[in-house]
Each structure stands twice: as C-alpha cells, then as structure tokens.
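Source file: final33.tsv. Holds: TSV, C-alpha atoms.
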chain	number	residue	atom	x	y	z
A	1	MET	CA	169.08	-166.15	33.10
A	2	LYS	CA	169.59	-165.84	36.88
A	3	PHE	CA	166.64	-163.74	37.85
A	4	LEU	CA	167.47	-163.47	41.54
A	5	SER	CA	171.01	-164.82	41.76
A	6	GLN	CA	171.77	-161.14	42.09
A	7	LEU	CA	169.24	-158.67	43.37
A	8	SER	CA	166.51	-157.57	41.05
A	9	ILE	CA	166.43	-154.09	39.54
A	10	ILE	CA	163.24	-152.22	40.29
A	11	VAL	CA	162.04	-149.23	38.32
A	12	PHE	CA	159.56	-146.97	40.08
A	13	THR	CA	157.01	-145.17	37.96
A	14	SER	CA	154.48	-142.69	39.21
A	15	LEU	CA	150.87	-143.48	38.46
A	16	THR	CA	147.85	-141.38	39.29
A	17	MET	CA	147.79	-142.20	43.01
A	18	SER	CA	150.38	-144.95	43.45
A	19	ALA	CA	153.77	-146.21	42.36
A	20	GLN	CA	154.44	-149.58	40.84
A	21	ILE	CA	157.66	-151.55	41.08
A	22	HIS	CA	158.75	-153.20	37.86
A	23	PRO	CA	161.45	-155.89	38.03
A	24	ALA	CA	163.76	-156.26	35.07
A	25	ALA	CA	167.03	-158.07	34.39
A	26	ALA	CA	169.31	-159.24	37.18
A	27	THR	CA	171.25	-156.54	39.02
A	28	ARG	CA	171.28	-155.26	42.58
A	29	LEU	CA	169.03	-153.35	44.89
A	30	THR	CA	169.97	-149.69	44.60
A	31	PRO	CA	170.05	-146.89	47.20
A	32	GLU	CA	167.26	-145.14	45.29
A	33	ILE	CA	165.03	-148.17	45.58
A	34	ALA	CA	165.95	-148.64	49.24
A	35	ASN	CA	164.97	-145.02	49.90
A	36	LYS	CA	161.62	-145.57	48.23
A	37	LEU	CA	160.89	-148.78	50.10
A	38	ALA	CA	161.84	-147.20	53.43
A	39	GLU	CA	159.06	-144.65	53.01
A	40	LEU	CA	156.35	-147.21	53.71
A	41	PRO	CA	157.26	-148.26	57.28
A	42	LEU	CA	158.29	-144.69	58.05
A	43	LYS	CA	154.75	-143.59	57.20
A	44	CYS	CA	153.20	-145.90	59.76
A	45	LEU	CA	155.77	-146.61	62.47
A	46	ASP	CA	154.20	-143.93	64.70
A	47	LEU	CA	150.67	-144.25	63.30
A	48	GLU	CA	148.62	-145.42	66.27
A	49	PHE	CA	145.33	-145.98	64.44
A	50	PRO	CA	143.83	-147.92	62.76
A	51	TYR	CA	145.09	-150.71	65.00
A	52	LYS	CA	144.15	-154.37	65.23
A	53	THR	CA	144.92	-156.07	68.50
A	54	GLY	CA	144.84	-159.75	69.37
A	55	ILE	CA	145.37	-159.57	73.12
A	56	VAL	CA	143.13	-161.04	75.80
A	57	PHE	CA	141.59	-158.41	78.08
A	58	THR	CA	141.34	-159.97	81.51
A	59	ASP	CA	140.58	-156.72	83.30
A	60	SER	CA	140.25	-153.01	82.58
A	61	SER	CA	143.97	-152.21	82.85
A	62	LEU	CA	144.47	-152.78	79.12
A	63	LEU	CA	141.51	-150.64	78.10
A	64	THR	CA	143.86	-147.95	76.90
A	65	ALA	CA	145.68	-146.94	73.75
A	66	PRO	CA	147.83	-149.80	72.36
A	67	LYS	CA	150.85	-147.52	72.59
A	68	ASN	CA	150.66	-147.82	76.37
A	69	TYR	CA	151.22	-151.57	76.39
A	70	HIS	CA	153.09	-151.80	73.05
A	71	PRO	CA	155.38	-148.76	73.32
A	72	ALA	CA	157.91	-150.27	70.91
A	73	PHE	CA	155.58	-151.86	68.34
A	74	PHE	CA	152.30	-149.95	68.24
A	75	GLY	CA	152.25	-148.64	64.65
A	76	CYS	CA	151.63	-150.14	61.22
A	77	PHE	CA	148.20	-151.58	62.06
A	78	ASP	CA	149.25	-154.54	64.22
A	79	TRP	CA	152.09	-155.76	66.39
A	80	HIS	CA	153.79	-158.11	63.95
A	81	SER	CA	153.68	-155.61	61.05
A	82	SER	CA	155.36	-153.05	63.28
A	83	VAL	CA	158.03	-155.58	64.21
A	84	HIS	CA	158.92	-156.46	60.64
A	85	GLY	CA	158.71	-152.80	59.67
A	86	HIS	CA	161.50	-152.18	62.21
A	87	TRP	CA	163.39	-155.18	60.82
A	88	MET	CA	163.10	-153.81	57.30
A	89	LEU	CA	164.50	-150.41	58.28
A	90	VAL	CA	167.45	-152.01	60.04
A	91	ARG	CA	168.07	-154.23	57.02
A	92	LEU	CA	168.05	-151.28	54.64
A	93	LEU	CA	170.30	-149.18	56.90
A	94	LYS	CA	172.81	-152.01	57.10
A	95	SER	CA	172.85	-152.21	53.31
A	96	TYR	CA	172.88	-148.46	52.72
A	97	PRO	CA	174.02	-146.44	55.77
A	98	ASP	CA	173.66	-143.21	53.78
A	99	LEU	CA	169.95	-143.52	53.04
A	100	ALA	CA	168.28	-140.16	52.52
A	101	LYS	CA	166.33	-140.53	55.78
A	102	ALA	CA	169.00	-142.41	57.69
A	103	SER	CA	168.99	-139.95	60.60
A	104	THR	CA	165.18	-140.16	60.86
A	105	ILE	CA	165.30	-143.95	60.76
A	106	ARG	CA	168.00	-144.13	63.41
A	107	SER	CA	166.10	-141.72	65.63
A	108	LYS	CA	162.88	-143.69	65.37
A	109	LEU	CA	164.62	-147.01	65.99
A	110	ALA	CA	166.37	-145.64	69.06
A	111	ALA	CA	163.13	-144.19	70.44
A	112	HIS	CA	161.09	-147.33	69.85
A	113	LEU	CA	163.64	-149.96	70.87
A	114	SER	CA	164.60	-148.45	74.19
A	115	ALA	CA	165.30	-150.68	77.16
A	116	GLU	CA	162.25	-149.35	79.00
A	117	ASN	CA	159.92	-149.94	76.05
A	118	ILE	CA	161.07	-153.53	75.66
A	119	LYS	CA	160.53	-154.18	79.37
A	120	ILE	CA	156.93	-153.02	78.99
A	121	GLU	CA	156.50	-155.21	75.90
A	122	GLN	CA	157.75	-158.18	77.93
A	123	GLN	CA	155.10	-157.68	80.58
A	124	LEU	CA	152.23	-158.48	78.25
A	125	PHE	CA	153.87	-161.66	76.96
A	126	SER	CA	154.61	-162.71	80.54
A	127	SER	CA	150.96	-162.80	81.52
A	128	ALA	CA	149.27	-166.21	81.54
A	129	ASP	CA	146.41	-164.98	79.38
A	130	ASN	CA	148.65	-163.62	76.63
A	131	LYS	CA	151.53	-166.06	76.58
A	132	SER	CA	150.47	-167.20	73.09
A	133	PHE	CA	149.89	-163.69	71.73
A	134	GLU	CA	151.58	-163.34	68.31
A	135	ARG	CA	152.57	-166.99	68.25
A	136	ILE	CA	153.92	-167.91	65.70
A	137	TYR	CA	154.35	-165.06	63.25
A	138	GLY	CA	155.11	-162.18	65.59
A	139	TRP	CA	157.52	-164.21	67.72
A	140	SER	CA	159.42	-165.21	64.62
A	141	TRP	CA	159.72	-161.72	63.19
A	142	LEU	CA	160.95	-160.45	66.55
A	143	LEU	CA	163.69	-163.07	66.43
A	144	GLN	CA	164.47	-162.04	62.85
A	145	LEU	CA	164.74	-158.41	64.00
A	146	GLN	CA	167.16	-159.44	66.73
A	147	ASN	CA	169.10	-161.53	64.21
A	148	GLU	CA	169.49	-158.38	62.10
A	149	LEU	CA	170.60	-156.28	65.06
A	150	LEU	CA	173.13	-158.85	66.24
A	151	THR	CA	174.82	-158.78	62.84
A	152	TRP	CA	174.85	-154.97	62.52
A	153	ASN	CA	178.32	-153.59	63.15
A	154	ASP	CA	177.08	-150.24	64.40
A	155	PRO	CA	176.98	-148.73	67.91
A	156	LEU	CA	173.24	-148.16	67.66
A	157	GLY	CA	172.69	-151.71	66.51
A	158	LYS	CA	174.72	-153.08	69.40
A	159	GLU	CA	172.81	-150.94	71.88
A	160	MET	CA	169.41	-151.95	70.53
A	161	SER	CA	170.29	-155.64	70.34
A	162	GLY	CA	171.14	-155.42	74.04
A	163	HIS	CA	167.73	-153.89	74.72
A	164	LEU	CA	165.88	-156.44	72.62
A	165	GLN	CA	167.71	-159.57	73.79
A	166	PRO	CA	165.55	-160.18	76.88
A	167	LEU	CA	162.41	-160.35	74.72
A	168	ALA	CA	164.20	-162.51	72.14
A	169	THR	CA	165.31	-164.86	74.92
A	170	GLN	CA	161.76	-164.93	76.24
A	171	PHE	CA	160.46	-165.96	72.82
A	172	SER	CA	163.22	-168.53	72.38
A	173	THR	CA	162.21	-170.17	75.66
A	174	ALA	CA	158.53	-169.99	74.72
A	175	TYR	CA	159.27	-171.53	71.32
A	176	ILE	CA	161.17	-174.45	72.87
A	177	GLN	CA	158.32	-175.11	75.28
A	178	PHE	CA	155.74	-174.85	72.51
A	179	LEU	CA	157.59	-177.20	70.17
A	180	ASP	CA	157.85	-179.74	72.94
A	181	LYS	CA	154.06	-179.75	73.36
A	182	ILE	CA	152.62	-179.29	69.87
A	183	MET	CA	151.44	-182.59	68.43
A	184	TYR	CA	150.78	-181.66	64.80
A	185	PRO	CA	152.25	-179.17	62.32
A	186	ILE	CA	150.27	-176.06	61.48
A	187	ARG	CA	149.86	-176.12	57.70
A	188	VAL	CA	148.10	-172.87	56.86
A	189	GLY	CA	148.84	-169.94	54.60
A	190	GLU	CA	148.64	-167.21	57.21
A	191	HIS	CA	150.29	-166.07	60.45
A	192	THR	CA	150.30	-169.37	62.32
A	193	ASN	CA	152.16	-171.27	59.59
A	194	LEU	CA	154.71	-173.26	61.55
A	195	ALA	CA	157.30	-173.80	58.83
A	196	PHE	CA	157.76	-170.12	57.99
A	197	GLY	CA	158.04	-169.20	61.64
A	198	LEU	CA	160.66	-171.87	62.19
A	199	CYS	CA	162.68	-170.58	59.23
A	200	LEU	CA	163.03	-167.17	60.86
A	201	ALA	CA	163.61	-168.64	64.31
A	202	TRP	CA	166.27	-171.01	62.94
A	203	ASP	CA	168.22	-168.16	61.37
A	204	TYR	CA	168.18	-166.31	64.69
A	205	ALA	CA	169.26	-169.44	66.56
A	206	ILE	CA	172.27	-169.83	64.27
A	207	THR	CA	173.36	-166.21	64.71
A	208	ALA	CA	172.72	-166.11	68.46
A	209	LYS	CA	174.33	-169.53	68.95
A	210	ASP	CA	171.13	-170.60	70.68
A	211	ALA	CA	171.80	-174.34	70.55
A	212	ALA	CA	168.69	-175.27	72.53
A	213	LEU	CA	166.39	-173.44	70.12
A	214	GLN	CA	168.22	-174.82	67.11
A	215	LYS	CA	167.82	-178.39	68.40
A	216	ALA	CA	164.13	-177.85	69.18
A	217	ILE	CA	163.51	-176.55	65.64
A	218	HIS	CA	165.51	-179.33	64.00
A	219	ASP	CA	163.74	-182.03	65.98
A	220	ALA	CA	160.29	-180.56	65.33
A	221	ALA	CA	160.96	-180.17	61.60
A	222	MET	CA	162.12	-183.74	61.26
A	223	ARG	CA	159.24	-185.02	63.36
A	224	PHE	CA	156.58	-183.16	61.42
A	225	TYR	CA	157.90	-183.05	57.86
A	226	ALA	CA	160.65	-185.59	57.15
A	227	ALA	CA	158.24	-188.28	55.94
A	228	ASP	CA	156.11	-185.94	53.80
A	229	LYS	CA	155.60	-186.81	50.12
A	230	ASN	CA	153.49	-185.48	47.26
A	231	ALA	CA	152.52	-182.16	48.77
A	232	PRO	CA	148.98	-181.15	47.69
A	233	VAL	CA	150.31	-177.98	46.11
A	234	THR	CA	147.42	-177.91	43.61
A	235	TRP	CA	145.15	-177.08	46.54
A	236	GLU	CA	146.98	-173.79	46.92
A	237	PRO	CA	146.42	-170.95	47.28
A	238	GLY	CA	143.71	-170.48	49.82
A	239	GLY	CA	141.82	-167.23	49.48
A	240	TYR	CA	143.65	-165.49	52.35
A	241	ASP	CA	147.14	-166.97	51.92
A	242	PHE	CA	150.32	-164.91	52.06
A	243	LEU	CA	152.45	-168.00	52.63
A	244	SER	CA	152.51	-171.29	50.75
A	245	PRO	CA	152.25	-174.18	53.23
A	246	SER	CA	154.06	-176.50	50.81
A	247	LEU	CA	156.84	-174.15	49.72
A	248	GLU	CA	157.51	-172.84	53.22
A	249	GLU	CA	157.94	-176.41	54.39
A	250	ALA	CA	160.50	-176.95	51.64
A	251	ASP	CA	162.25	-173.73	52.66
A	252	LEU	CA	162.52	-174.95	56.23
A	253	MET	CA	163.80	-178.41	55.37
A	254	ARG	CA	166.69	-177.03	53.30
A	255	ARG	CA	167.93	-175.45	56.51
A	256	VAL	CA	167.78	-178.52	58.72
A	257	MET	CA	168.65	-181.43	56.37
A	258	PRO	CA	172.01	-182.34	54.81
A	259	GLU	CA	172.16	-181.45	51.12
A	260	ALA	CA	171.95	-185.01	49.78
A	261	ASP	CA	169.05	-185.90	52.05
A	262	TYR	CA	167.24	-182.67	51.26
A	263	ARG	CA	167.46	-183.16	47.51
A	264	LYS	CA	165.97	-186.64	47.78
A	265	TRP	CA	163.25	-185.39	50.12
A	266	LEU	CA	162.45	-182.42	47.89
A	267	TYR	CA	161.96	-184.48	44.75
A	268	ALA	CA	159.52	-186.74	46.60
A	269	PHE	CA	157.74	-183.81	48.27
A	270	LEU	CA	157.24	-181.60	45.20
A	271	PRO	CA	157.55	-183.99	42.26
A	272	GLY	CA	155.54	-181.78	39.93
A	273	LEU	CA	158.22	-179.08	39.92
A	274	PHE	CA	160.71	-181.63	38.61
A	275	GLU	CA	158.43	-183.36	36.10
A	276	ASN	CA	157.71	-180.46	33.75
A	277	LYS	CA	154.47	-179.63	35.55
A	278	ILE	CA	155.42	-176.08	36.47
A	279	SER	CA	151.86	-174.95	35.78
A	280	ILE	CA	150.77	-176.49	39.08
A	281	LEU	CA	151.63	-173.09	40.59
A	282	GLN	CA	149.91	-170.09	39.03
A	283	VAL	CA	150.55	-166.48	40.02
A	284	ALA	CA	147.97	-165.46	42.62
A	285	GLN	CA	145.38	-162.87	41.60
A	286	VAL	CA	143.82	-160.09	43.72
A	287	LYS	CA	140.57	-158.33	42.83
A	288	ASP	CA	140.28	-155.94	45.79
A	289	ARG	CA	143.42	-154.49	47.36
A	290	THR	CA	141.44	-152.51	49.91
A	291	ASP	CA	140.48	-155.81	51.57
A	292	GLY	CA	143.10	-156.66	54.18
A	293	LYS	CA	142.58	-160.39	53.78
A	294	LEU	CA	142.38	-160.61	50.00
A	295	VAL	CA	145.51	-158.50	49.55
A	296	HIS	CA	147.42	-161.23	51.36
A	297	LEU	CA	147.81	-162.87	47.97
A	298	ASP	CA	150.17	-160.12	46.82
A	299	GLY	CA	152.42	-161.20	49.67
A	300	LEU	CA	152.02	-164.82	48.61
A	301	ASN	CA	153.57	-164.00	45.24
A	302	LEU	CA	156.58	-162.50	47.02
A	303	SER	CA	157.01	-165.32	49.53
A	304	ARG	CA	156.61	-167.95	46.82
A	305	THR	CA	159.41	-166.21	44.94
A	306	TRP	CA	162.04	-166.69	47.63
A	307	CYS	CA	160.98	-170.29	48.18
A	308	LEU	CA	161.04	-171.12	44.47
A	309	GLU	CA	164.43	-169.49	43.98
A	310	ALA	CA	165.87	-171.64	46.75
A	311	ILE	CA	164.23	-174.75	45.30
A	312	ALA	CA	165.61	-173.90	41.84
A	313	GLU	CA	169.13	-174.39	43.17
A	314	HIS	CA	168.24	-178.08	43.49
A	315	GLY	CA	166.20	-178.18	40.30
A	316	GLY	CA	168.61	-179.97	37.99
A	317	LYS	CA	167.38	-179.82	34.40
A	318	ASN	CA	164.27	-177.95	35.56
A	319	LYS	CA	166.24	-175.17	37.25
A	320	ALA	CA	165.57	-172.59	34.54
A	321	ALA	CA	161.86	-173.39	34.46
A	322	ILE	CA	161.54	-173.02	38.23
A	323	GLN	CA	163.47	-169.74	38.09
A	324	GLN	CA	161.09	-168.53	35.41
A	325	LEU	CA	158.16	-169.40	37.66
A	326	ALA	CA	159.85	-167.49	40.49
A	327	HIS	CA	160.30	-164.49	38.21
A	328	GLN	CA	156.63	-164.47	37.28
A	329	HIS	CA	155.66	-164.39	40.95
A	330	MET	CA	158.27	-161.74	41.71
A	331	GLU	CA	157.02	-159.49	38.95
A	332	ALA	CA	153.41	-159.77	40.08
A	333	GLY	CA	154.26	-159.16	43.73
A	334	LEU	CA	156.64	-156.24	43.31
A	335	GLN	CA	154.18	-154.34	41.14
A	336	GLN	CA	151.79	-154.08	44.08
A	337	VAL	CA	154.07	-153.04	46.93
A	338	PHE	CA	153.02	-149.43	46.33
A	339	SER	CA	149.34	-150.05	45.65
A	340	GLY	CA	148.12	-146.91	47.38
A	341	ASN	CA	146.06	-148.98	49.82
A	342	TYR	CA	147.08	-149.17	53.46
A	343	ALA	CA	145.75	-152.74	53.69
A	344	GLY	CA	148.83	-153.89	51.76
A	345	GLU	CA	151.25	-151.01	52.07
A	346	HIS	CA	151.72	-151.39	55.84
A	347	TRP	CA	153.47	-154.76	55.37
A	348	LEU	CA	154.25	-155.73	51.76
A	349	ALA	CA	157.50	-153.76	51.57
A	350	SER	CA	158.96	-155.98	54.28
A	351	PHE	CA	158.23	-159.04	52.17
A	352	ALA	CA	159.82	-157.35	49.17
A	353	VAL	CA	162.99	-156.52	51.10
A	354	TYR	CA	163.17	-160.02	52.55
A	355	MET	CA	162.77	-161.51	49.09
A	356	LEU	CA	165.37	-159.24	47.51
A	357	THR	CA	168.03	-159.47	50.19
A	358	ILE	CA	167.64	-162.64	52.22
A	359	GLY	CA	165.15	-165.12	50.80
A	360	LYS	CA	167.41	-167.61	49.04
A	361	GLN	CA	170.44	-167.41	51.28
A	362	PRO	CA	171.54	-170.76	52.75

What does the file become when written as structure tokens?
Amino acid sequence: MKFLSQLSIIVFTSLTMSAQIHPAAATRLTPEIANKLAELPLKCLDLEFPYKTGIVFTDSSLLTAPKNYHPAFFGCFDWHSSVHGHWMLVRLLKSYPDLAKASTIRSKLAAHLSAENIKIEQQLFSSADNKSFERIYGWSWLLQLQNELLTWNDPLGKEMSGHLQPLATQFSTAYIQFLDKIMYPIRVGEHTNLAFGLCLAWDYAITAKDAALQKAIHDAAMRFYAADKNAPVTWEPGGYDFLSPSLEEADLMRRVMPEADYRKWLYAFLPGLFENKISILQVAQVKDRTDGKLVHLDGLNLSRTWCLEAIAEHGGKNKAAIQQLAHQHMEAGLQQVFSGNYAGEHWLASFAVYMLTIGKQP
C-alpha cells in the first residue's frame, strides 16, 4: 500500500476542546482539509504576544514591541514560526486558490510582505550583533517561502517574491559565507540542525538558479556527510527533538548525490532499515503538550515521515516495511496538529503541510 505516494486523506473530528486529524488510505489533500489547516496560522499571524525573541540587544533602540523591528514576521510566537506560517498559507493558496478564506489570506500576505516591511526586516540581520539571528532554521524557512513565491503563477505571488528577494539574497550570501567557515556539522534535533536547513536552502537554490549557493551546499554536504556510516539512530530521539539528525542527513544526501552513489551510501549509513530492524525507530511519545519543548516530538513524528517515505523509495525488499513505519509516524503526528495547545498549534500545521505536499519530492 502506498501510504504517501499520493496525499493522505485526513478526517477531522471535533472533540471537547480540540480537533484531531486521522489519516486513512491513500488519496489527496482536499480543499476542506486545506481550509481547516489554514485556520491555525491565520489565528496567530497578527498575534503579537506571547512572543519569544532571540535577538541581541546592543542598545535601547530595540526595547520596543517586536512588531516594530519584525513588521513582516512578528506573529505566531517567534520569527521562524511566522515565516513558515506564511509559507504554509502560500502553499495552500497555490494548491487551492478558492480556499474559503482566500481573500483574507491574500490580504494578510500582501500587508505583511510589503517592500517596506522587508527592508526593515533586513536591517536587523544586517547588524553585526544579529548577523547569526535565526541561523539556521529561520534562514532556511525564509528561503523556502521565497521558493514558494517564485513558483506561484499569480500577480500577488510575483509582487511579493520581488519584495522578499533582497532578504533571500542576503540569506543566500550569509549561508555561503557560513558554510565556508563552519568546521563541523551541526547534528542536533532542533533549530540549528544543519542538514534540514540545507535541504530547504538547496530547493530554493535550484528554483532561483542560485549556482553559488547550490555549490556551497553540495560541497558542505559532501565534506560533512559523505563518509558517514552506521548512524547512531538508536540514540534518537532526544527529549526536545522535532528533527531526526540521522534521517535529515539522509534527506539531504538524496538531493546532492547521484542515485547510484546515494543508494550505496544510504545502505551503509542506515543499515538497520534494510536489515529487518525497523524497530530501531519507535514513534515518539509526548506526555505534556502544553510544554513548548516537549511538544517538539509531535513535529518529529511528522518530519520523520517525510524522510522515511523518501528513504522507502530506495528500500528494495524492505520498501513496504519502511513505508509502514512512515505511516505509523504520520498517524501519530497528524492526530496532534489540532491539540488545542498553542505550544504546538502555532507551528505543527506547517510541518503537516510540508509532509503532505512536498516532503518526498525529488
């Protein structure tokens, strides 16, 4: 059974104070589901507080509301969640232009992604004290947002991609400089995971025909990961993970290596998945979804899904077993997108949309 070879059906059921998403047999994402998912970023795109910042305050000029220095991306708790909330809305609009709240979405996107707002956003990242702010995760999602806009055949999309391009170019340059200086890969399960960031940046580089960024990513990936074998996947997950260091690395290498080389590398890197040891990866469990760190593990189940589905395409006789493992993670993750707790709801829908519409694409 091809669980995600087509998009998964999701059935929404109302519970006492939340809605769960239940995946079933293979079919496609529907307009009804897209409408439901779009509600989550719409609820927080203009919600200024609570807000978590990560900037360096070098003087009193930034002692003001985040909206004043993040006029485009001030909602949804933190900068990167706001960015991928915008990405998600663009992605859904591209798939279903007639969404129930399409006019509201278009209005909010136009207001947030104005040329003036992006210029103000650039100022913070141009300062010496904040040049590494949102590296790597936020940079990468911004490039993914621009990737989405560049491929949107819509006047609004073309206008907004023009507004956003200066910041995307700024991040591309910063990425190239960073990859030239970093000595070791960042193998963690949270925002600074290098492999996941490079996946998003690579996809942007391909679309934007940014050859310099593409070369920098390719060279860094080969330098850091090409000789890796026997990934310690049994050490995963860490208690705060929303990304799998091992699986994200595999997801990156499928982008940068020729097929024959990748298959050989993959079998040496994750031998357990091809030796009937599927149980080395268990679905992650969460005991407290009001805890912003612990709820990361719901996202881990979603991100593992798109990685495992891509790996399954190279799984040979174990393909069905790896797909089954992906399905188990998908089911667990999708059920919690509408948990009723803001700690997860401000970002999990983006992971669900990425998984359902992009994750396993070449």

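Reported to one decimal place, the separation of CA of Thr290 in chain A from CA of Glu39 in chain A is 19.5 Å.
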
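Compared by their closest atoms to Glu32 in chain A, and using all atoms listed in the file, the residues A:Lys119, A:Lys101, A:His80, A:His70 rank with A:Lys101 nearest.
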
Neighbours of Pro258 in chain A within 12 Å (only C-alpha atoms; same-chain residues fewer than 6 positions away dropped), as a list of chain:residue names? A:His218, A:Met222, A:Lys264, A:Trp265, A:Leu266, A:Pro362

I need the residues from that last selection saved to file as an mmCIF file, in the coordinates of the input (with C-alpha atoms), if you can.
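Wrote selection.cif, looks like this:
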data_model
loop_
_atom_site.group_PDB
_atom_site.id
_atom_site.type_symbol
_atom_site.label_atom_id
_atom_site.label_comp_id
_atom_site.auth_asym_id
_atom_site.auth_seq_id
_atom_site.Cartn_x
_atom_site.Cartn_y
_atom_site.Cartn_z
ATOM 1 C CA HIS A 218 165.510 -179.330 64.000
ATOM 2 C CA MET A 222 162.120 -183.740 61.260
ATOM 3 C CA LYS A 264 165.970 -186.640 47.780
ATOM 4 C CA TRP A 265 163.250 -185.390 50.120
ATOM 5 C CA LEU A 266 162.450 -182.420 47.890
ATOM 6 C CA PRO A 362 171.540 -170.760 52.750
#

Taking (167.0, -140.7, 62.3) in the file's own coordinates, collect the residues within 12 Å, counting all atoms listed in the file, and hand them back as number ranges by chain. A: 42, 89-90, 93, 97-112, 156

Compile the contact shell of range 188-192 of chain A as an MDAnalysis selection string: residues with an atom at most 8 Å away, counting only C-alpha atoms, same-chain residues fewer than 3 positions apart removed. chainID A and resid 135:137 197 237:238 240:245

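We find CA of Pro155 in chain A and CA of Ala174 in chain A to be spaced 29.0 Å apart.
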
Between CA of Met160 in chain A and CA of Leu302 in chain A, measure the distance and give it in Å to one decimal.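 Rounded to one decimal, the two atoms are 28.8 Å apart.
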
Pull the closest atom pair for each residue of range 53-128 of chain A that gets at most 9 Å from range 333-350 of chain A, along with the distance in Å to one decimal, counting only C-alpha atoms, ordering rows by chain and then ascending residue number, as JSON lines.
{"residue": "A:Cys76", "atom": "CA", "partner": "A:His346", "partner_atom": "CA", "distance": 5.5}
{"residue": "A:Phe77", "atom": "CA", "partner": "A:His346", "partner_atom": "CA", "distance": 7.1}
{"residue": "A:Ser81", "atom": "CA", "partner": "A:Trp347", "partner_atom": "CA", "distance": 5.7}
{"residue": "A:Ser82", "atom": "CA", "partner": "A:Trp347", "partner_atom": "CA", "distance": 8.3}
{"residue": "A:His84", "atom": "CA", "partner": "A:Ser350", "partner_atom": "CA", "distance": 6.4}
{"residue": "A:Gly85", "atom": "CA", "partner": "A:Ser350", "partner_atom": "CA", "distance": 6.3}
{"residue": "A:Trp87", "atom": "CA", "partner": "A:Ser350", "partner_atom": "CA", "distance": 7.9}
{"residue": "A:Met88", "atom": "CA", "partner": "A:Ser350", "partner_atom": "CA", "distance": 5.6}
{"residue": "A:Leu89", "atom": "CA", "partner": "A:Ser350", "partner_atom": "CA", "distance": 8.8}

Go through A:Thr234, A:Gln323, A:Asn153, A:Gln144 and flag the residue nearest Ile311 in chain A, using all atoms listed in the file for the distances.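 Among the listed residues, A:Gln323 lies closest to Ile311 in chain A.
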
Name all residues at most 10 Å from Trp235 in chain A (count all atoms listed in the file; drop same-chain ones fewer than 6 positions away) and give them as a ChimeraX atom specification. /A:246,280-281

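Distances from A:Lys319, A:Lys158, A:Arg254, A:Lys229 to Ala268 in chain A were compared using all atoms listed in the file, and the smallest one belongs to A:Lys229.
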